[in-house]
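File shown: protein_11.tsv (TSV, C-alpha atoms).
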chain	number	residue	atom	x	y	z
A	1	MET	CA	8.41	2.69	34.48
A	2	LYS	CA	11.52	0.98	33.10
A	3	LYS	CA	9.39	-1.87	31.74
A	4	LEU	CA	7.13	0.63	30.00
A	5	LEU	CA	10.11	2.38	28.47
A	6	LEU	CA	11.41	-0.97	27.21
A	7	ILE	CA	8.02	-1.74	25.68
A	8	ILE	CA	7.95	1.68	23.98
A	9	ILE	CA	11.49	1.21	22.63
A	10	ALA	CA	10.60	-2.28	21.36
A	11	LEU	CA	7.41	-0.98	19.73
A	12	VAL	CA	9.20	1.91	18.03
A	13	SER	CA	11.96	-0.44	16.82
A	14	VAL	CA	9.46	-2.86	15.30
A	15	ILE	CA	7.57	-0.03	13.61
A	16	ALA	CA	10.73	1.70	12.37
A	17	GLY	CA	11.84	-1.58	10.78
A	18	CYS	CA	8.74	-1.80	8.63
A	19	LYS	CA	8.96	-0.81	4.98
A	20	ILE	CA	7.79	-1.95	1.59
A	21	ASP	CA	7.98	-5.61	0.66
A	22	GLU	CA	11.16	-5.53	-1.41
A	23	ALA	CA	10.97	-9.25	-2.19
A	24	GLY	CA	8.07	-8.48	-4.51
A	25	ILE	CA	9.83	-5.79	-6.53
A	26	PRO	CA	10.81	-7.03	-10.01
A	27	THR	CA	14.28	-6.65	-11.48
A	28	GLN	CA	15.31	-6.26	-15.10
A	29	THR	CA	17.55	-8.79	-16.84
A	30	SER	CA	19.90	-7.43	-19.45
A	31	ASN	CA	21.79	-8.97	-22.35
A	32	SER	CA	24.53	-6.86	-23.92
A	33	LEU	CA	24.15	-8.79	-27.21
A	34	LEU	CA	20.66	-7.37	-27.58
A	35	VAL	CA	21.56	-3.72	-27.12
A	36	GLY	CA	21.92	-1.80	-30.38
A	37	THR	CA	20.11	-1.24	-33.65
A	38	TRP	CA	18.68	-4.30	-35.37
A	39	PHE	CA	17.50	-3.84	-38.96
A	40	ILE	CA	14.66	-6.06	-40.14
A	41	LYS	CA	15.85	-8.26	-42.99
A	42	SER	CA	12.83	-10.48	-43.40
A	43	THR	CA	9.57	-11.59	-41.85
A	44	THR	CA	8.01	-14.97	-42.43
A	45	SER	CA	4.39	-15.66	-41.61
A	46	VAL	CA	2.59	-18.98	-41.77
A	47	ASP	CA	-1.09	-18.55	-42.57
A	48	PRO	CA	-3.14	-21.66	-41.75
A	49	VAL	CA	-5.00	-21.27	-45.07
A	50	TYR	CA	-2.50	-19.70	-47.48
A	51	GLY	CA	0.70	-21.18	-46.13
A	52	ALA	CA	4.05	-19.53	-45.54
A	53	SER	CA	5.09	-16.22	-47.07
A	54	THR	CA	8.27	-14.21	-46.62
A	55	VAL	CA	8.69	-10.45	-46.99
A	56	THR	CA	12.16	-9.02	-47.57
A	57	SER	CA	11.35	-5.53	-48.92
A	58	TYR	CA	12.54	-3.71	-45.82
A	59	THR	CA	14.55	-0.51	-45.82
A	60	ALA	CA	17.01	1.21	-43.51
A	61	LEU	CA	14.02	2.78	-41.77
A	62	ASP	CA	12.74	-0.60	-40.60
A	63	TYR	CA	14.57	-1.34	-37.40
A	64	TYR	CA	14.30	-2.02	-33.68
A	65	LYS	CA	16.75	-0.10	-31.53
A	66	PHE	CA	17.17	-1.76	-28.15
A	67	ASN	CA	18.67	0.67	-25.63
A	68	SER	CA	20.53	-0.29	-22.47
A	69	ASP	CA	17.93	1.51	-20.32
A	70	PHE	CA	15.26	-0.90	-21.53
A	71	THR	CA	13.65	1.58	-23.87
A	72	ILE	CA	13.13	0.64	-27.48
A	73	ASN	CA	12.63	2.68	-30.65
A	74	GLU	CA	10.60	0.77	-33.22
A	75	SER	CA	11.03	2.39	-36.63
A	76	SER	CA	8.86	1.64	-39.64
A	77	SER	CA	9.18	2.84	-43.24
A	78	GLN	CA	5.53	2.20	-44.12
A	79	PRO	CA	4.18	4.28	-42.49
A	80	ASP	CA	7.26	6.35	-41.70
A	81	THR	CA	7.00	6.38	-37.93
A	82	VAL	CA	9.04	5.69	-34.83
A	83	ILE	CA	7.31	4.27	-31.77
A	84	ASN	CA	9.12	4.68	-28.47
A	85	SER	CA	8.28	2.21	-25.73
A	86	HIS	CA	9.93	-0.21	-23.30
A	87	TYR	CA	11.09	-3.79	-23.47
A	88	SER	CA	12.03	-6.52	-21.05
A	89	TYR	CA	14.29	-9.49	-21.58
A	90	THR	CA	14.22	-12.81	-19.75
A	91	ASN	CA	16.30	-15.92	-20.08
A	92	ASP	CA	15.14	-18.93	-18.07
A	93	VAL	CA	14.39	-22.61	-18.46
A	94	SER	CA	11.68	-21.80	-20.98
A	95	GLY	CA	14.20	-19.95	-23.15
A	96	GLN	CA	14.92	-16.36	-24.06
A	97	LYS	CA	11.98	-13.97	-24.35
A	98	ILE	CA	11.62	-10.31	-25.26
A	99	VAL	CA	8.44	-8.43	-24.35
A	100	ILE	CA	7.88	-5.12	-26.08
A	101	GLY	CA	5.34	-2.72	-24.64
A	102	GLY	CA	2.54	-1.01	-26.47
A	103	ALA	CA	1.03	2.41	-26.16
A	104	TYR	CA	-0.70	1.75	-22.84
A	105	SER	CA	-0.36	-0.41	-19.76
A	106	GLY	CA	-1.15	-4.06	-20.42
A	107	SER	CA	-0.56	-3.75	-24.15
A	108	PHE	CA	2.52	-5.71	-25.15
A	109	THR	CA	3.85	-8.34	-27.54
A	110	THR	CA	5.89	-11.33	-26.43
A	111	TYR	CA	8.63	-12.64	-28.70
A	112	THR	CA	10.52	-15.90	-28.37
A	113	VAL	CA	14.20	-15.48	-29.18
A	114	ASN	CA	15.33	-18.28	-31.49
A	115	LYS	CA	18.81	-16.89	-32.07
A	116	LEU	CA	20.82	-14.07	-30.58
A	117	THR	CA	24.45	-13.57	-31.57
A	118	THR	CA	26.62	-10.54	-32.18
A	119	ASP	CA	25.34	-10.16	-35.75
A	120	SER	CA	22.03	-12.00	-35.89
A	121	LEU	CA	18.72	-11.85	-34.08
A	122	ILE	CA	15.80	-14.12	-34.89
A	123	MET	CA	12.64	-13.82	-32.86
A	124	ALA	CA	9.13	-15.10	-33.27
A	125	THR	CA	5.66	-14.23	-32.10
A	126	THR	CA	2.11	-15.16	-32.91
A	127	ILE	CA	-0.36	-12.74	-34.42
A	128	VAL	CA	-3.98	-13.23	-33.46
A	129	ILE	CA	-6.49	-12.20	-36.12
A	130	THR	CA	-10.18	-12.27	-35.36
A	131	SER	CA	-12.67	-12.16	-38.26
A	132	TYR	CA	-16.22	-11.09	-37.55
A	133	GLY	CA	-18.97	-12.35	-39.87
A	134	THR	CA	-21.82	-14.81	-39.60
A	135	THR	CA	-19.42	-16.69	-37.38
A	136	THR	CA	-16.45	-15.27	-35.52
A	137	THR	CA	-13.18	-16.95	-36.38
A	138	THR	CA	-9.81	-16.46	-34.76
A	139	SER	CA	-6.58	-17.25	-36.62
A	140	TYR	CA	-3.21	-17.67	-35.01
A	141	ILE	CA	-0.42	-16.81	-37.43
A	142	PRO	CA	3.18	-17.49	-36.44
A	143	LEU	CA	5.49	-14.65	-37.47
A	144	THR	CA	9.27	-14.80	-37.48
A	145	TYR	CA	11.54	-11.75	-37.70
A	146	LYS	CA	15.14	-11.89	-38.86
A	147	PHE	CA	17.37	-8.97	-37.92
A	148	ALA	CA	20.96	-7.91	-38.56
A	149	HIS	CA	23.04	-4.96	-37.41
A	150	GLN	CA	23.80	-3.84	-40.97
B	1	MET	CA	-28.82	20.31	56.33
B	2	VAL	CA	-29.41	18.06	53.28
B	3	VAL	CA	-27.93	20.78	51.08
B	4	CYS	CA	-24.84	20.96	53.29
B	5	LEU	CA	-24.40	17.15	53.09
B	6	VAL	CA	-24.65	17.14	49.30
B	7	ALA	CA	-22.22	20.03	49.03
B	8	SER	CA	-19.79	18.26	51.34
B	9	THR	CA	-19.96	15.02	49.33
B	10	ALA	CA	-19.50	16.88	46.05
B	11	ARG	CA	-16.45	18.70	47.37
B	12	ALA	CA	-14.94	15.37	48.45
B	13	GLN	CA	-15.16	14.04	44.87
B	14	VAL	CA	-13.69	17.05	43.11
B	15	GLY	CA	-10.65	15.94	41.14
B	16	TYR	CA	-11.45	12.23	41.53
B	17	ASP	CA	-14.45	11.93	39.22
B	18	TYR	CA	-14.44	10.99	35.58
B	19	ALA	CA	-16.90	9.89	32.93
B	20	GLN	CA	-16.93	6.21	32.05
B	21	TYR	CA	-18.15	6.81	28.52
B	22	ASP	CA	-16.69	9.04	25.82
B	23	VAL	CA	-17.50	9.58	22.19
B	24	GLY	CA	-14.96	11.01	19.79
B	25	PHE	CA	-13.80	11.58	16.28
B	26	ALA	CA	-10.41	12.07	14.71
B	27	THR	CA	-8.60	12.53	11.46
B	28	GLY	CA	-5.58	10.58	10.34
B	29	ILE	CA	-2.76	10.80	7.84
B	30	ASN	CA	-2.11	7.34	6.45
B	31	LYS	CA	0.74	5.60	4.71
B	32	VAL	CA	0.77	2.05	3.33
B	33	TYR	CA	3.73	-0.30	3.69
B	34	GLY	CA	2.99	-2.91	1.08
B	35	ASP	CA	4.03	-3.98	-2.38
B	36	ALA	CA	3.93	-0.63	-4.19
B	37	GLU	CA	7.29	1.06	-4.58
B	38	THR	CA	6.37	4.60	-3.57
B	39	PHE	CA	4.38	6.07	-0.71
B	40	THR	CA	1.45	8.47	-0.86
B	41	GLN	CA	-0.04	10.09	2.21
B	42	THR	CA	-3.82	10.06	2.46
B	43	GLN	CA	-6.47	11.14	4.92
B	44	SER	CA	-9.07	9.25	6.89
B	45	ILE	CA	-11.74	10.03	9.44
B	46	HIS	CA	-12.31	8.03	12.60
B	47	PHE	CA	-15.24	7.68	14.98
B	48	ASN	CA	-14.87	6.05	18.35
B	49	LEU	CA	-16.76	4.98	21.43
B	50	ASN	CA	-14.78	4.70	24.66
B	51	TYR	CA	-15.39	2.86	27.87
B	52	ASN	CA	-13.10	4.14	30.60
B	53	VAL	CA	-12.43	1.53	33.26
B	54	SER	CA	-10.42	4.27	34.92
B	55	PRO	CA	-9.21	7.66	33.64
B	56	PHE	CA	-6.09	5.81	32.48
B	57	ILE	CA	-7.45	2.47	31.25
B	58	ASN	CA	-9.68	2.72	28.23
B	59	TYR	CA	-11.43	0.38	25.83
B	60	VAL	CA	-11.89	1.92	22.42
B	61	LEU	CA	-14.19	0.77	19.63
B	62	GLU	CA	-13.24	2.64	16.47
B	63	LEU	CA	-14.53	2.96	12.92
B	64	GLN	CA	-12.17	4.32	10.26
B	65	LEU	CA	-13.13	5.48	6.78
B	66	GLY	CA	-10.75	6.79	4.19
B	67	GLN	CA	-8.44	6.20	1.29
B	68	LEU	CA	-5.11	4.49	1.07
B	69	LYS	CA	-2.90	5.18	-1.92
B	70	GLY	CA	0.54	4.27	-3.16
B	71	GLY	CA	2.75	3.47	-6.11
B	72	ASP	CA	3.37	5.12	-9.43
B	73	SER	CA	2.35	3.35	-12.63
B	74	LEU	CA	4.55	5.56	-14.83
B	75	LYS	CA	7.78	5.77	-12.86
B	76	THR	CA	8.20	2.45	-11.05
B	77	LEU	CA	9.38	-0.82	-12.54
B	78	SER	CA	6.48	-2.85	-11.18
B	79	GLY	CA	3.95	-0.29	-12.42
B	80	ARG	CA	1.89	-0.76	-9.29
B	81	GLN	CA	-0.41	2.09	-8.33
B	82	PHE	CA	-3.49	1.68	-6.21
B	83	THR	CA	-6.32	3.47	-4.45
B	84	ASN	CA	-8.12	1.64	-1.67
B	85	ASP	CA	-11.37	3.09	-0.32
B	86	PHE	CA	-11.09	1.29	2.99
B	87	THR	CA	-13.27	0.83	6.04
B	88	SER	CA	-11.86	-0.61	9.21
B	89	VAL	CA	-13.28	-1.45	12.61
B	90	MET	CA	-11.09	-2.17	15.58
B	91	PHE	CA	-11.27	-2.73	19.30
B	92	ARG	CA	-8.33	-1.55	21.39
B	93	GLY	CA	-7.35	-1.70	25.01
B	94	GLN	CA	-5.35	1.31	26.17
B	95	VAL	CA	-3.15	1.78	29.23
B	96	GLN	CA	-1.91	5.22	30.21
B	97	LEU	CA	1.14	5.75	32.37
B	98	GLY	CA	-0.98	7.31	35.11
B	99	GLU	CA	-2.45	3.90	35.89
B	100	LEU	CA	0.97	2.40	36.61
B	101	VAL	CA	2.80	5.13	38.52
B	102	ASP	CA	2.27	7.48	41.42
B	103	TYR	CA	2.31	10.82	39.68
B	104	SER	CA	1.32	12.85	42.73
B	105	GLN	CA	4.86	13.42	43.92
B	106	ASN	CA	6.68	13.81	40.63
B	107	PRO	CA	5.99	16.65	38.16
B	108	MET	CA	7.65	14.67	35.33
B	109	LEU	CA	5.45	11.62	35.88
B	110	ASN	CA	2.46	13.93	36.23
B	111	ALA	CA	3.28	15.39	32.82
B	112	PHE	CA	3.60	11.94	31.27
B	113	LYS	CA	0.66	10.30	33.05
B	114	ASN	CA	-1.45	10.63	29.88
B	115	LEU	CA	1.08	8.87	27.66
B	116	TYR	CA	-0.39	5.57	26.56
B	117	LEU	CA	0.16	2.34	24.67
B	118	SER	CA	-2.68	0.56	23.00
B	119	THR	CA	-3.33	-2.58	21.03
B	120	GLY	CA	-6.21	-4.82	20.07
B	121	VAL	CA	-7.75	-6.46	17.05
B	122	GLY	CA	-9.92	-5.44	14.14
B	123	PHE	CA	-10.59	-5.94	10.50
B	124	VAL	CA	-10.30	-3.87	7.37
B	125	VAL	CA	-12.57	-4.00	4.34
B	126	ASN	CA	-10.59	-3.23	1.21
B	127	HIS	CA	-12.27	-1.87	-1.89
B	128	LEU	CA	-9.72	-1.10	-4.59
B	129	THR	CA	-11.01	1.57	-6.95
B	130	GLN	CA	-7.71	1.58	-8.83
B	131	ALA	CA	-5.04	-1.11	-9.12
B	132	ASN	CA	-2.65	-0.94	-12.04
B	133	ARG	CA	-1.41	-4.48	-12.51
B	134	TYR	CA	0.62	-4.30	-15.72
B	135	SER	CA	3.99	-2.61	-15.76
B	136	ILE	CA	4.71	-0.03	-18.42
B	137	LEU	CA	8.47	0.10	-17.88
B	138	MET	CA	8.74	-3.68	-17.83
B	139	PRO	CA	6.25	-4.90	-20.47
B	140	GLY	CA	4.53	-8.15	-19.67
B	141	TYR	CA	5.13	-7.90	-15.92
B	142	TYR	CA	1.87	-8.46	-14.05
B	143	THR	CA	1.07	-8.30	-10.36
B	144	PRO	CA	-1.93	-10.36	-9.22
B	145	GLY	CA	-4.20	-9.56	-6.28
B	146	SER	CA	-7.75	-8.91	-5.15
B	147	ASN	CA	-9.80	-5.79	-5.69
B	148	ASN	CA	-12.12	-6.61	-2.79
B	149	SER	CA	-11.05	-8.32	0.40
B	150	ASN	CA	-11.46	-8.39	4.17
B	151	GLU	CA	-8.46	-8.79	6.42
B	152	ILE	CA	-7.77	-8.98	10.13
B	153	LEU	CA	-5.57	-6.24	11.55
B	154	ILE	CA	-3.61	-5.81	14.76
B	155	PRO	CA	-3.23	-2.14	15.75
B	156	ALA	CA	-0.29	-0.93	17.82
B	157	ARG	CA	-0.59	2.62	19.03
B	158	ILE	CA	1.36	5.10	21.10
B	159	GLY	CA	-0.16	8.43	21.97
B	160	TYR	CA	-0.90	11.18	24.41
B	161	GLU	CA	-4.32	12.16	25.66
B	162	PHE	CA	-4.58	15.78	26.77
B	163	LYS	CA	-7.30	15.93	29.39
B	164	ILE	CA	-9.24	19.17	29.60
B	165	TYR	CA	-11.04	19.55	32.91
B	166	ASN	CA	-14.43	21.13	33.53
B	167	LYS	CA	-15.36	23.23	36.53
B	168	PHE	CA	-15.74	20.06	38.63
B	169	ASN	CA	-12.21	19.01	37.68
B	170	GLU	CA	-13.53	16.12	35.63
B	171	PRO	CA	-11.78	15.33	32.35
B	172	SER	CA	-14.78	16.15	30.17
B	173	PHE	CA	-12.94	16.91	26.93
B	174	LYS	CA	-9.84	15.22	25.57
B	175	VAL	CA	-7.46	15.84	22.71
B	176	ASP	CA	-5.84	12.64	21.54
B	177	ILE	CA	-2.64	12.63	19.46
B	178	GLY	CA	-1.13	9.35	18.42
B	179	TYR	CA	0.87	7.24	16.03
B	180	GLN	CA	-0.68	3.95	15.05
B	181	TYR	CA	0.75	1.07	13.09
B	182	ASN	CA	-1.76	-1.45	11.81
B	183	PHE	CA	-0.33	-4.88	11.06
B	184	ILE	CA	-2.50	-6.57	8.43
B	185	LEU	CA	-2.76	-10.35	8.63
B	186	GLY	CA	-2.80	-10.57	4.84
B	187	ASP	CA	-1.27	-9.12	1.71
B	188	ASP	CA	-4.22	-7.48	-0.05
B	189	LEU	CA	-4.38	-4.05	1.57
B	190	ASP	CA	-2.88	-2.56	-1.60
B	191	GLY	CA	-4.60	-5.06	-3.90
B	192	TYR	CA	-1.33	-6.84	-4.72
B	193	THR	CA	-0.44	-10.34	-3.56
B	194	VAL	CA	3.29	-10.63	-4.09
B	195	GLY	CA	6.50	-10.91	-2.08
B	196	ASN	CA	6.77	-12.55	1.30
B	197	LYS	CA	5.60	-9.91	3.79
B	198	ASN	CA	2.14	-8.90	4.88
B	199	ASP	CA	0.94	-5.35	4.36
B	200	ALA	CA	0.57	-2.64	6.98
B	201	TYR	CA	-0.49	0.96	7.25
B	202	SER	CA	0.60	3.68	9.61
B	203	GLN	CA	-1.41	6.61	10.89
B	204	ILE	CA	-0.68	9.89	12.59
B	205	THR	CA	-3.95	10.97	14.15
B	206	ILE	CA	-5.40	13.86	16.05
B	207	GLY	CA	-8.83	13.73	17.56
B	208	VAL	CA	-11.16	14.88	20.25
B	209	LYS	CA	-13.30	13.02	22.74
B	210	PHE	CA	-16.29	14.21	24.72
B	211	ALA	CA	-17.47	12.73	28.01
B	212	LEU	CA	-20.91	11.19	27.62
B	213	GLY	CA	-21.67	10.30	31.22
B	214	GLY	CA	-21.48	7.51	33.74
B	215	ILE	CA	-19.63	9.61	36.26
B	216	THR	CA	-17.70	7.61	38.81
B	217	SER	CA	-14.71	8.11	41.09
B	218	TYR	CA	-11.12	7.08	40.65
B	219	ARG	CA	-8.96	5.93	43.53
B	220	LYS	CA	-6.41	8.70	42.94
B	221	LEU	CA	-6.68	12.41	42.32
B	222	ILE	CA	-6.73	12.64	38.51
B	223	THR	CA	-5.45	16.18	38.19
B	224	TYR	CA	-2.58	17.99	39.88

Translate this file's structure into structure tokens.
Amino acid sequence: MKKLLLIIIALVSVIAGCKIDEAGIPTQTSNSLLVGTWFIKSTTSVDPVYGASTVTSYTALDYYKFNSDFTINESSSQPDTVINSHYSYTNDVSGQKIVIGGAYSGSFTTYTVNKLTTDSLIMATTIVITSYGTTTTTSYIPLTYKFAHQ
Amino acid sequence: MVVCLVASTARAQVGYDYAQYDVGFATGINKVYGDAETFTQTQSIHFNLNYNVSPFINYVLELQLGQLKGGDSLKTLSGRQFTNDFTSVMFRGQVQLGELVDYSQNPMLNAFKNLYLSTGVGFVVNHLTQANRYSILMPGYYTPGSNNSNEILIPARIGYEFKIYNKFNEPSFKVDIGYQYNFILGDDLDGYTVGNKNDAYSQITIGVKFALGGITSYRKLITY
């Protein structure tokens, strides 16, 4: 009887100790330098056919606002819209990266951070453009954003 | 005279006889302990065949069908949310307290004689009909895993089997209430392979069993 009770207690203890696998739960990395409103000052794209071009005609409505709760407000002047989504930030041996989410799960854009200081943010991504015709061609166009707080 | 002999023999077995074979079904409330960050309770149905070595030692072959769910793609950082239309088959050995103690002299032991522990081995067939792998709150975060898999499981069960006796004092109908924890020897029950622990699912079940036949006698009086 005592042995059975011990077995029951052991069984209940083992079962009560079971829970979700917390080792597999991701954690967010933050960088206080990133938090705030970053106005787009210029974008530079490098087309494999037409070469590099830089756009600087951005207004006060063109900005990325990184919030401390890992939400982001992406504002655009043309069209005049604000898209609210989430971002994640990582900094490891491969460098600093920012991933900004799209409208649905699995839709996101990854940016490589080339510079992040108190007053300057430079990050780059690659745009993929697929042209459909007699043959389907895919172009990879590097795009670099330069931001400032003012 | 023959009639008197038969009647005498029958009277001698009253309270000692039991059926060696039972068939039963049950329903369970399930919860997955895996890689998703929130729990969702789901239902399952179970069918079982029982071979009773004695009224208190049972071998159970069980088929379980149901859904397992968990996670929340909108509110959790990992974004994991899954639905598993699972099928599992398991074989369990079950020992009730009545086999180990003399319950004839002790009302407390008599009350607890149907309390049992059970374990065995089985396998679960996982068919994920939903598995959100990309996080929304943490863009770019992806959890890999399999949508279809088979895994071995080790059930551990504690329960109580209410025995309902017929007019011959044989336990012909049983109500079985139990808590079962199924240790999965793998990490794909929820469709996510991540972390360092295997998955598991727990069940609170209630079911009934009906005696099929194979009447034989036990060494002790079953009922008091």

Identify, on the basis of all atoms listed in the file, every residue whose closest approach to stretch 120-137 of chain B does not exceed 8 Å; exclude the query and any residue fewer than 4 positions from it along the same chain; express the result as a PyMOL selection string.
(chain A and resi 70+86-87+101+104-106) or (chain B and resi 73-93+141-144+147-156+188-191)

Chain A contacts to chain B at 8 Å (only C-alpha atoms) as a PyMOL selection string
chain A and resi 1+8+11+15+18-28+70+86-88+99-101+104-110

Atom CA of A:Leu33 to atom CA of A:Ser75, distance in Å rounded to a single decimal
19.6 Å

Which residues come within 12 Å of stretch 46-52 of chain A, counting only C-alpha atoms, excluding same-chain residues fewer than 3 positions away, as a PDB file with C-alpha atoms, keeping the file's coordinate frame?
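Saved result, out-v9.pdb, follows:
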ATOM      1  CA  THR A  43       9.570 -11.590 -41.850  1.00  0.00           C
ATOM      2  CA  VAL A  55       8.690 -10.450 -46.990  1.00  0.00           C
ATOM      3  CA  ALA A 124       9.130 -15.100 -33.270  1.00  0.00           C
ATOM      4  CA  THR A 125       5.660 -14.230 -32.100  1.00  0.00           C
ATOM      5  CA  THR A 126       2.110 -15.160 -32.910  1.00  0.00           C
ATOM      6  CA  ILE A 127      -0.360 -12.740 -34.420  1.00  0.00           C
ATOM      7  CA  VAL A 128      -3.980 -13.230 -33.460  1.00  0.00           C
ATOM      8  CA  ILE A 129      -6.490 -12.200 -36.120  1.00  0.00           C
ATOM      9  CA  THR A 138      -9.810 -16.460 -34.760  1.00  0.00           C
ATOM     10  CA  SER A 139      -6.580 -17.250 -36.620  1.00  0.00           C
ATOM     11  CA  TYR A 140      -3.210 -17.670 -35.010  1.00  0.00           C
ATOM     12  CA  ILE A 141      -0.420 -16.810 -37.430  1.00  0.00           C
ATOM     13  CA  PRO A 142       3.180 -17.490 -36.440  1.00  0.00           C
ATOM     14  CA  LEU A 143       5.490 -14.650 -37.470  1.00  0.00           C
ATOM     15  CA  THR A 144       9.270 -14.800 -37.480  1.00  0.00           C
TER      16      THR A 144
END

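With only C-alpha atoms as the basis for measurement, A:Gln150 is the residue among A:Val93, A:Asp80, A:Thr136, A:Gln150 that approaches A:Trp38 most closely.
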
Pick from A:Ala148, A:Val35, A:Ile98, A:Ile72, whichever lies nearest to A:Tyr58 using all atoms listed in the file:
A:Ala148

Å distance separating atom CA of A:Pro79 from atom CA of A:Tyr145, one decimal place:
18.3 Å

Could stretch 181-201 of chain B be completed with N, CA and C atoms and returned as a short mmCIF file (atom, residue, chain, number, x, y, z; two decimals), in the frame of the given file?
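Okay, this is what ended up in rebuild_13.cif:
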data_model
loop_
_atom_site.label_atom_id
_atom_site.label_comp_id
_atom_site.auth_asym_id
_atom_site.auth_seq_id
_atom_site.Cartn_x
_atom_site.Cartn_y
_atom_site.Cartn_z
N TYR B 181 0.26 1.97 14.15
CA TYR B 181 0.75 1.07 13.09
C TYR B 181 -0.17 -0.13 13.07
N ASN B 182 -0.80 -0.36 11.93
CA ASN B 182 -1.76 -1.45 11.81
C ASN B 182 -1.15 -2.60 11.02
N PHE B 183 -0.86 -3.68 11.72
CA PHE B 183 -0.33 -4.88 11.06
C PHE B 183 -1.50 -5.63 10.43
N ILE B 184 -1.43 -5.85 9.13
CA ILE B 184 -2.50 -6.57 8.43
C ILE B 184 -2.11 -8.04 8.35
N LEU B 185 -3.02 -8.90 8.73
CA LEU B 185 -2.76 -10.35 8.63
C LEU B 185 -3.17 -10.81 7.22
N GLY B 186 -2.50 -10.27 6.24
CA GLY B 186 -2.80 -10.57 4.84
C GLY B 186 -1.98 -9.67 3.95
N ASP B 187 -2.13 -9.85 2.65
CA ASP B 187 -1.27 -9.12 1.71
C ASP B 187 -2.09 -8.36 0.66
N ASP B 188 -3.36 -8.08 0.98
CA ASP B 188 -4.22 -7.48 -0.05
C ASP B 188 -4.64 -6.05 0.27
N LEU B 189 -4.00 -5.42 1.23
CA LEU B 189 -4.38 -4.05 1.57
C LEU B 189 -4.20 -3.12 0.36
N ASP B 190 -3.15 -3.37 -0.42
CA ASP B 190 -2.88 -2.56 -1.60
C ASP B 190 -3.39 -3.22 -2.88
N GLY B 191 -4.05 -4.37 -2.73
CA GLY B 191 -4.60 -5.06 -3.90
C GLY B 191 -3.59 -5.93 -4.61
N TYR B 192 -2.38 -6.03 -4.08
CA TYR B 192 -1.33 -6.84 -4.72
C TYR B 192 -0.91 -7.97 -3.79
N THR B 193 -0.90 -9.18 -4.33
CA THR B 193 -0.44 -10.34 -3.56
C THR B 193 0.88 -10.79 -4.15
N VAL B 194 1.96 -10.35 -3.55
CA VAL B 194 3.29 -10.63 -4.09
C VAL B 194 4.30 -10.46 -2.96
N GLY B 195 5.48 -11.04 -3.12
CA GLY B 195 6.50 -10.91 -2.08
C GLY B 195 6.24 -11.87 -0.95
N ASN B 196 6.89 -11.62 0.17
CA ASN B 196 6.77 -12.55 1.30
C ASN B 196 6.40 -11.88 2.62
N LYS B 197 6.00 -10.60 2.57
CA LYS B 197 5.60 -9.91 3.79
C LYS B 197 4.15 -9.46 3.69
N ASN B 198 3.49 -9.44 4.84
CA ASN B 198 2.14 -8.90 4.88
C ASN B 198 2.17 -7.38 4.78
N ASP B 199 1.04 -6.80 4.46
CA ASP B 199 0.94 -5.35 4.36
C ASP B 199 0.72 -4.71 5.73
N ALA B 200 0.84 -3.40 5.76
CA ALA B 200 0.57 -2.64 6.98
C ALA B 200 0.27 -1.21 6.59
N TYR B 201 -0.38 -0.47 7.49
CA TYR B 201 -0.49 0.96 7.25
C TYR B 201 -0.32 1.71 8.56
#
